[in-house]
file model11.cif (mmCIF, C-alpha atoms)
data_entry
loop_
_atom_site.label_atom_id
_atom_site.label_comp_id
_atom_site.auth_asym_id
_atom_site.auth_seq_id
_atom_site.Cartn_x
_atom_site.Cartn_y
_atom_site.Cartn_z
CA MET A 334 85.88 -40.37 -27.29
CA SER A 335 86.65 -42.31 -30.47
CA ALA A 336 89.77 -41.82 -32.57
CA VAL A 337 87.57 -40.63 -35.44
CA SER A 338 85.82 -37.92 -33.44
CA SER A 339 89.12 -36.88 -31.84
CA ALA A 340 90.69 -36.42 -35.27
CA LYS A 341 87.93 -34.00 -36.27
CA ARG A 342 88.46 -31.73 -33.26
CA LEU A 343 90.18 -28.40 -33.55
CA THR A 344 93.64 -28.39 -32.00
CA PRO A 345 95.63 -25.53 -30.43
CA SER A 346 97.87 -25.45 -33.52
CA ARG A 347 94.82 -25.04 -35.76
CA ILE A 348 93.54 -22.24 -33.54
CA ARG A 349 96.92 -20.54 -33.83
CA ALA A 350 96.75 -20.85 -37.62
CA MET A 351 93.51 -18.82 -37.58
CA LYS A 352 95.50 -15.63 -36.87
CA GLY A 353 94.26 -12.89 -39.19
CA GLY A 354 91.52 -15.06 -40.70
CA THR A 355 87.88 -15.74 -39.91
CA PRO A 356 87.30 -14.65 -36.29
CA ILE A 357 87.60 -17.43 -33.71
CA VAL A 358 84.31 -18.12 -31.90
CA CYS A 359 84.75 -18.91 -28.20
CA LEU A 360 82.39 -19.38 -25.26
CA THR A 361 82.64 -20.82 -21.77
CA ALA A 362 81.28 -24.25 -20.90
CA TYR A 363 81.07 -25.96 -17.51
CA THR A 364 78.71 -28.92 -18.07
CA THR A 365 78.08 -31.71 -20.56
CA PRO A 366 74.66 -30.45 -21.78
CA MET A 367 75.99 -26.94 -22.41
CA ALA A 368 79.06 -28.29 -24.18
CA ARG A 369 76.80 -30.25 -26.52
CA LEU A 370 74.82 -27.12 -27.35
CA LEU A 371 77.90 -24.99 -27.97
CA ASP A 372 80.15 -27.47 -29.74
CA GLU A 373 78.62 -27.15 -33.21
CA HIS A 374 79.02 -23.39 -33.25
CA CYS A 375 82.29 -22.74 -31.40
CA ASP A 376 85.92 -23.14 -32.35
CA LEU A 377 87.10 -23.04 -28.73
CA LEU A 378 85.34 -23.82 -25.46
CA LEU A 379 86.86 -22.51 -22.25
CA VAL A 380 86.19 -24.30 -18.99
CA GLY A 381 86.65 -21.03 -17.15
CA ASP A 382 87.27 -20.49 -13.48
CA SER A 383 84.34 -18.06 -13.82
CA LEU A 384 82.37 -21.17 -12.85
CA GLY A 385 83.12 -20.20 -9.26
CA MET A 386 80.84 -17.18 -9.61
CA VAL A 387 78.40 -18.50 -12.21
CA LEU A 388 77.75 -21.96 -10.74
CA TYR A 389 78.89 -21.75 -7.12
CA GLY A 390 77.88 -18.23 -6.12
CA MET A 391 81.38 -17.12 -5.14
CA ASP A 392 82.33 -13.44 -5.03
CA SER A 393 85.39 -14.00 -7.21
CA THR A 394 87.35 -16.77 -8.92
CA VAL A 395 90.04 -16.86 -6.23
CA ALA A 396 88.51 -19.73 -4.21
CA VAL A 397 88.14 -22.07 -7.21
CA THR A 398 90.23 -25.23 -6.81
CA LEU A 399 92.08 -27.48 -9.20
CA ASP A 400 89.75 -30.36 -8.35
CA MET A 401 86.76 -28.23 -9.33
CA MET A 402 88.34 -27.35 -12.67
CA ILE A 403 89.17 -30.97 -13.39
CA ALA A 404 85.64 -32.16 -12.56
CA HIS A 405 84.07 -29.61 -14.89
CA GLY A 406 86.72 -30.23 -17.54
CA LYS A 407 85.75 -33.89 -17.59
CA ALA A 408 82.09 -32.95 -17.91
CA VAL A 409 82.72 -30.65 -20.86
CA MET A 410 84.87 -33.21 -22.65
CA ARG A 411 81.96 -35.67 -22.55
CA GLY A 412 79.92 -33.26 -24.65
CA VAL A 413 82.47 -32.21 -27.28
CA ALA A 414 83.12 -33.59 -30.76
CA ARG A 415 84.57 -30.58 -32.59
CA ALA A 416 85.71 -27.62 -30.48
CA CYS A 417 89.15 -27.16 -28.95
CA VAL A 418 88.74 -27.37 -25.16
CA VAL A 419 90.86 -25.26 -22.80
CA VAL A 420 90.71 -25.55 -19.00
CA ASP A 421 91.60 -22.63 -16.73
CA MET A 422 94.38 -23.11 -14.22
CA PRO A 423 92.89 -21.72 -11.00
CA PHE A 424 94.51 -19.24 -8.65
CA GLY A 425 97.45 -20.71 -6.75
CA SER A 426 97.94 -23.68 -9.07
CA TYR A 427 100.73 -22.21 -11.21
CA GLN A 428 102.11 -18.93 -9.81
CA GLU A 429 104.54 -20.39 -7.27
CA SER A 430 106.93 -21.96 -9.78
CA LYS A 431 107.10 -23.25 -13.31
CA GLU A 432 107.60 -26.75 -11.91
CA LEU A 433 104.37 -26.55 -9.91
CA ALA A 434 102.59 -25.19 -12.98
CA TYR A 435 103.88 -28.13 -15.00
CA ARG A 436 102.75 -30.74 -12.48
CA ASN A 437 99.27 -29.26 -12.21
CA ALA A 438 98.90 -28.71 -15.95
CA VAL A 439 99.87 -32.33 -16.59
CA ARG A 440 97.23 -33.43 -14.13
CA VAL A 441 94.59 -31.30 -15.89
CA LEU A 442 95.44 -32.70 -19.33
CA GLN A 443 95.69 -36.31 -18.14
CA GLU A 444 92.54 -36.34 -16.03
CA THR A 445 90.25 -34.36 -18.36
CA GLY A 446 91.57 -35.15 -21.84
CA CYS A 447 91.35 -31.45 -22.74
CA ASP A 448 93.52 -29.80 -25.39
CA ALA A 449 95.21 -26.99 -23.46
CA VAL A 450 95.30 -24.97 -20.27
CA LYS A 451 94.91 -21.23 -19.72
CA LEU A 452 96.74 -19.12 -17.20
CA GLU A 453 96.68 -15.44 -16.38
CA GLY A 454 99.68 -13.13 -16.37
CA GLY A 455 101.98 -11.01 -18.49
CA GLN A 456 105.75 -10.70 -18.37
CA GLU A 457 105.90 -12.48 -15.03
CA MET A 458 104.35 -15.64 -16.51
CA ALA A 459 106.19 -15.73 -19.85
CA GLU A 460 108.94 -18.01 -18.54
CA THR A 461 106.38 -20.42 -17.10
CA ILE A 462 104.47 -20.56 -20.39
CA SER A 463 107.70 -21.22 -22.28
CA PHE A 464 108.55 -23.99 -19.81
CA LEU A 465 105.15 -25.64 -20.31
CA ALA A 466 105.09 -25.24 -24.09
CA ALA A 467 108.58 -26.73 -24.42
CA ARG A 468 107.32 -29.79 -22.56
CA GLY A 469 104.29 -30.41 -24.74
CA ILE A 470 101.61 -28.47 -22.87
CA PRO A 471 99.66 -26.02 -25.07
CA VAL A 472 98.90 -22.77 -23.24
CA LEU A 473 96.36 -20.02 -23.82
CA GLY A 474 97.61 -16.77 -22.27
CA HIS A 475 95.51 -14.05 -20.60
CA ILE A 476 96.46 -10.38 -20.22
CA GLY A 477 94.71 -7.07 -19.51
CA LEU A 478 92.10 -7.36 -16.78
CA MET A 479 92.98 -10.50 -14.84
CA PRO A 480 90.17 -11.68 -12.53
CA GLN A 481 92.49 -13.79 -10.37
CA GLN A 482 94.30 -10.57 -9.42
CA VAL A 483 91.14 -8.70 -8.49
CA HIS A 484 92.27 -8.10 -4.91
CA THR A 485 95.54 -6.42 -5.91
CA ALA A 486 94.05 -4.63 -8.92
CA GLY A 487 91.43 -2.86 -6.84
CA GLY A 488 88.40 -4.58 -8.34
CA TYR A 489 87.09 -5.43 -11.78
CA ARG A 490 88.04 -2.44 -13.90
CA SER A 491 89.20 -1.92 -17.45
CA VAL A 492 92.86 -1.20 -18.13
CA GLY A 493 94.72 1.03 -20.57
CA HIS A 494 93.64 4.41 -19.19
CA SER A 495 97.09 5.62 -18.12
CA GLU A 496 100.48 5.64 -19.81
CA GLU A 497 101.72 3.19 -17.19
CA GLU A 498 98.90 0.74 -17.96
CA VAL A 499 99.42 1.12 -21.70
CA ALA A 500 103.12 0.39 -21.36
CA LYS A 501 102.33 -2.71 -19.27
CA ILE A 502 99.82 -3.99 -21.84
CA ARG A 503 102.42 -3.66 -24.57
CA ARG A 504 105.10 -5.41 -22.54
CA ASP A 505 102.74 -8.18 -21.47
CA ALA A 506 101.45 -8.74 -24.99
CA GLU A 507 104.94 -8.97 -26.45
CA ALA A 508 106.12 -11.32 -23.70
CA ILE A 509 103.16 -13.71 -23.92
CA GLY A 510 102.95 -13.47 -27.71
CA ASN A 511 106.53 -14.72 -27.94
CA SER A 512 106.40 -17.18 -25.03
CA GLY A 513 105.07 -20.18 -26.91
CA ALA A 514 101.39 -19.59 -26.09
CA PHE A 515 99.16 -20.57 -29.03
CA ALA A 516 96.82 -17.60 -28.44
CA VAL A 517 96.11 -14.96 -25.81
CA VAL A 518 92.93 -13.63 -24.22
CA ILE A 519 92.80 -9.84 -23.87
CA GLU A 520 90.23 -8.82 -21.28
CA GLY A 521 88.82 -5.43 -20.28
CA THR A 522 91.34 -3.42 -22.27
CA VAL A 523 90.83 -0.03 -23.94
CA GLU A 524 89.92 -0.72 -27.56
CA THR A 525 92.79 1.23 -29.12
CA PHE A 526 95.44 -0.84 -27.39
CA ALA A 527 93.67 -4.17 -27.82
CA ARG A 528 93.64 -3.39 -31.56
CA GLU A 529 97.32 -2.41 -31.46
CA VAL A 530 98.30 -5.58 -29.61
CA THR A 531 96.40 -7.76 -32.09
CA THR A 532 98.46 -6.32 -34.92
CA ALA A 533 101.73 -6.49 -33.02
CA ILE A 534 101.89 -10.11 -31.81
CA PRO A 535 102.23 -13.27 -33.91
CA VAL A 536 99.50 -15.34 -32.22
CA PRO A 537 95.72 -14.86 -32.23
CA THR A 538 94.12 -12.53 -29.72
CA ILE A 539 90.75 -13.44 -28.24
CA GLY A 540 88.91 -10.42 -26.95
CA ILE A 541 86.51 -10.03 -24.06
CA GLY A 542 85.77 -6.39 -23.51
CA ALA A 543 88.61 -5.53 -25.88
CA SER A 544 88.30 -4.86 -29.64
CA VAL A 545 86.36 -6.11 -32.64
CA ALA A 546 89.79 -6.20 -34.31
CA CYS A 547 90.84 -9.14 -32.12
CA ASP A 548 91.27 -12.45 -33.92
CA GLY A 549 88.38 -13.92 -31.91
CA GLN A 550 85.85 -13.17 -29.19
CA ILE A 551 84.79 -14.92 -26.01
CA LEU A 552 81.95 -14.39 -23.54
CA VAL A 553 80.68 -16.28 -20.53
CA SER A 554 77.81 -18.34 -21.96
CA ASP A 555 75.56 -17.71 -18.96
CA ASP A 556 76.03 -13.95 -19.43
CA MET A 557 75.13 -13.86 -23.12
CA LEU A 558 72.17 -16.20 -22.61
CA GLY A 559 70.74 -14.23 -19.68
CA LEU A 560 71.19 -17.03 -17.16
CA PHE A 561 73.50 -15.13 -14.80
CA ASN A 562 71.98 -11.96 -13.40
CA ASP A 563 74.10 -11.01 -10.38
CA PHE A 564 75.75 -8.36 -12.54
CA THR A 565 76.27 -7.69 -16.24
CA PRO A 566 79.69 -6.46 -17.40
CA ARG A 567 79.71 -3.61 -19.92
CA PHE A 568 81.19 -5.86 -22.60
CA VAL A 569 78.36 -8.44 -22.47
CA LYS A 570 75.69 -8.51 -25.14
CA ARG A 571 72.65 -10.54 -24.09
CA TYR A 572 71.46 -12.65 -27.00
CA ASP A 573 68.53 -14.03 -25.00
CA GLU A 574 66.91 -13.86 -21.57
CA LEU A 575 66.72 -17.55 -20.77
CA GLY A 576 66.67 -16.85 -17.04
CA LYS A 577 63.47 -14.85 -17.32
CA ARG A 578 61.92 -17.45 -19.62
CA ALA A 579 62.87 -20.21 -17.19
CA ALA A 580 61.28 -18.28 -14.33
CA VAL A 581 57.98 -18.17 -16.23
CA ALA A 582 58.11 -21.92 -16.85
CA ILE A 583 58.98 -22.64 -13.21
CA ALA A 584 56.08 -20.49 -12.01
CA ALA A 585 53.69 -22.35 -14.34
CA TYR A 586 54.90 -25.68 -12.96
CA ALA A 587 54.45 -24.52 -9.36
CA ASP A 588 50.91 -23.32 -10.10
CA GLU A 589 49.95 -26.63 -11.71
CA VAL A 590 51.35 -28.68 -8.83
CA ARG A 591 49.44 -26.62 -6.27
CA SER A 592 46.21 -26.80 -8.28
CA ARG A 593 46.72 -30.53 -8.97
CA ALA A 594 46.64 -29.86 -12.71
CA PHE A 595 49.95 -31.74 -12.92
CA PRO A 596 50.57 -34.62 -13.27
CA THR A 597 47.80 -35.75 -15.60
CA ASP A 598 47.05 -39.33 -16.63
CA LYS A 599 49.58 -39.19 -19.46
CA HIS A 600 52.33 -38.43 -16.95
CA THR A 601 51.55 -41.38 -14.66
CA PHE A 602 51.80 -45.15 -14.92
CA LYS A 603 48.93 -47.64 -15.00
CA ARG A 604 49.16 -51.22 -13.86
CA ARG A 605 49.69 -53.64 -16.72
CA SER A 606 46.91 -56.18 -17.12
#
call {"tool": "encode", "arguments": {"input": "model11.cif", "output": "structure tokens"}}
result
Amino acid sequence: MSAVSSAKRLTPSRIRAMKGGTPIVCLTAYTTPMARLLDEHCDLLLVGDSLGMVLYGMDSTVAVTLDMMIAHGKAVMRGVARACVVVDMPFGSYQESKELAYRNAVRVLQETGCDAVKLEGGQEMAETISFLAARGIPVLGHIGLMPQQVHTAGGYRSVGHSEEEVAKIRRDAEAIGNSGAFAVVIEGTVETFAREVTTAIPVPTIGIGASVACDGQILVSDDMLGLFNDFTPRFVKRYDELGKRAAVAIAAYADEVRSRAFPTDKHTFKRRS
């Protein structure tokens, strides 16, 4: 990437400055071609550990590795000229200690060239985020429904339905909002409290199954484009059905191959005279 194109890219500090302004547009990206399609329209691209389910057919994000995240982070960076790129820290790469989190986050930034990392967790991760931020590593927080904790949370379910959950959301939001994170994702959280948190903390909130009042929104690109059909979360709006359209095209190709209608002369090479 050239110095000129790098200078035009949105930085974590510029994302933070968008608090209370025009909503921040975010989507996931895992590959170079998708990054190129999204870059013009998005402020932030997340190389999410959701790639484990979307690309690799895993049942959850828990088995995603740091090497996988780095490989896909590199791919996305090859397709970006404008958007701020954040790479997820996968399960097990940061929870053990702030020192381990630092070493792995440094590796992600150095090997991919991305702008920031994201890690899940509330109060229990605030010290780690502060440790990273103080050492020059921009961090995007993540509270509410946390997919990496699916096994202890009892599945993928929204939060904020009990007084205990509401109190935890408030504590987590305050802790991460004041930890040095430049923004925080709020996932699968009852709308009332996602709205409350957005007002209460000093950094932008990026909602996914949260509130329209959040400072930005994010979806998994394959969900909103209709490319991932294993399940559709309640918070997903499908803007197209590319999977169904692709299936039609693939069927047409198969029919033409079997009937020898493809390839035609214009798709083959003739010997030069």
call {"tool": "closest_residue", "arguments": {"input": "model11.cif", "among": "A:Met458, A:Phe464, A:Met557, A:Glu453", "to": "Ile519 (chain A)", "atoms": "only C-alpha atoms"}}
result
A:Glu453
call {"tool": "atom_distance", "arguments": {"input": "model11.cif", "atom1": "CA of Val492 (chain A)", "atom2": "CA of Leu473 (chain A)"}}
result
20.0 Å
call {"tool": "atom_distance", "arguments": {"input": "model11.cif", "atom1": "CA of Thr522 (chain A)", "atom2": "CA of Ser491 (chain A)"}}
result
5.5 Å
call {"tool": "closest_residue", "arguments": {"input": "model11.cif", "among": "A:Gly390, A:Gly469, A:Gly381, A:Pro596", "to": "His405 (chain A)", "atoms": "only C-alpha atoms"}}
result
A:Gly381
call {"tool": "resolve_selection", "arguments": {"input": "model11.cif", "expression": "the PyMOL selection byres ((chain A and resi 395) around 10)", "output": "MDAnalysis selection string"}}
result
chainID A and resid 382:383 385:386 391:394 396:398 423:425 480:484
call {"tool": "resolve_selection", "arguments": {"input": "model11.cif", "expression": "the PyMOL selection byres ((chain A and resi 356-372) around 9)", "output": "number ranges by chain"}}
result
A: 348, 351-355, 373-381, 383-384, 388, 402, 405-416, 537, 539, 547-555
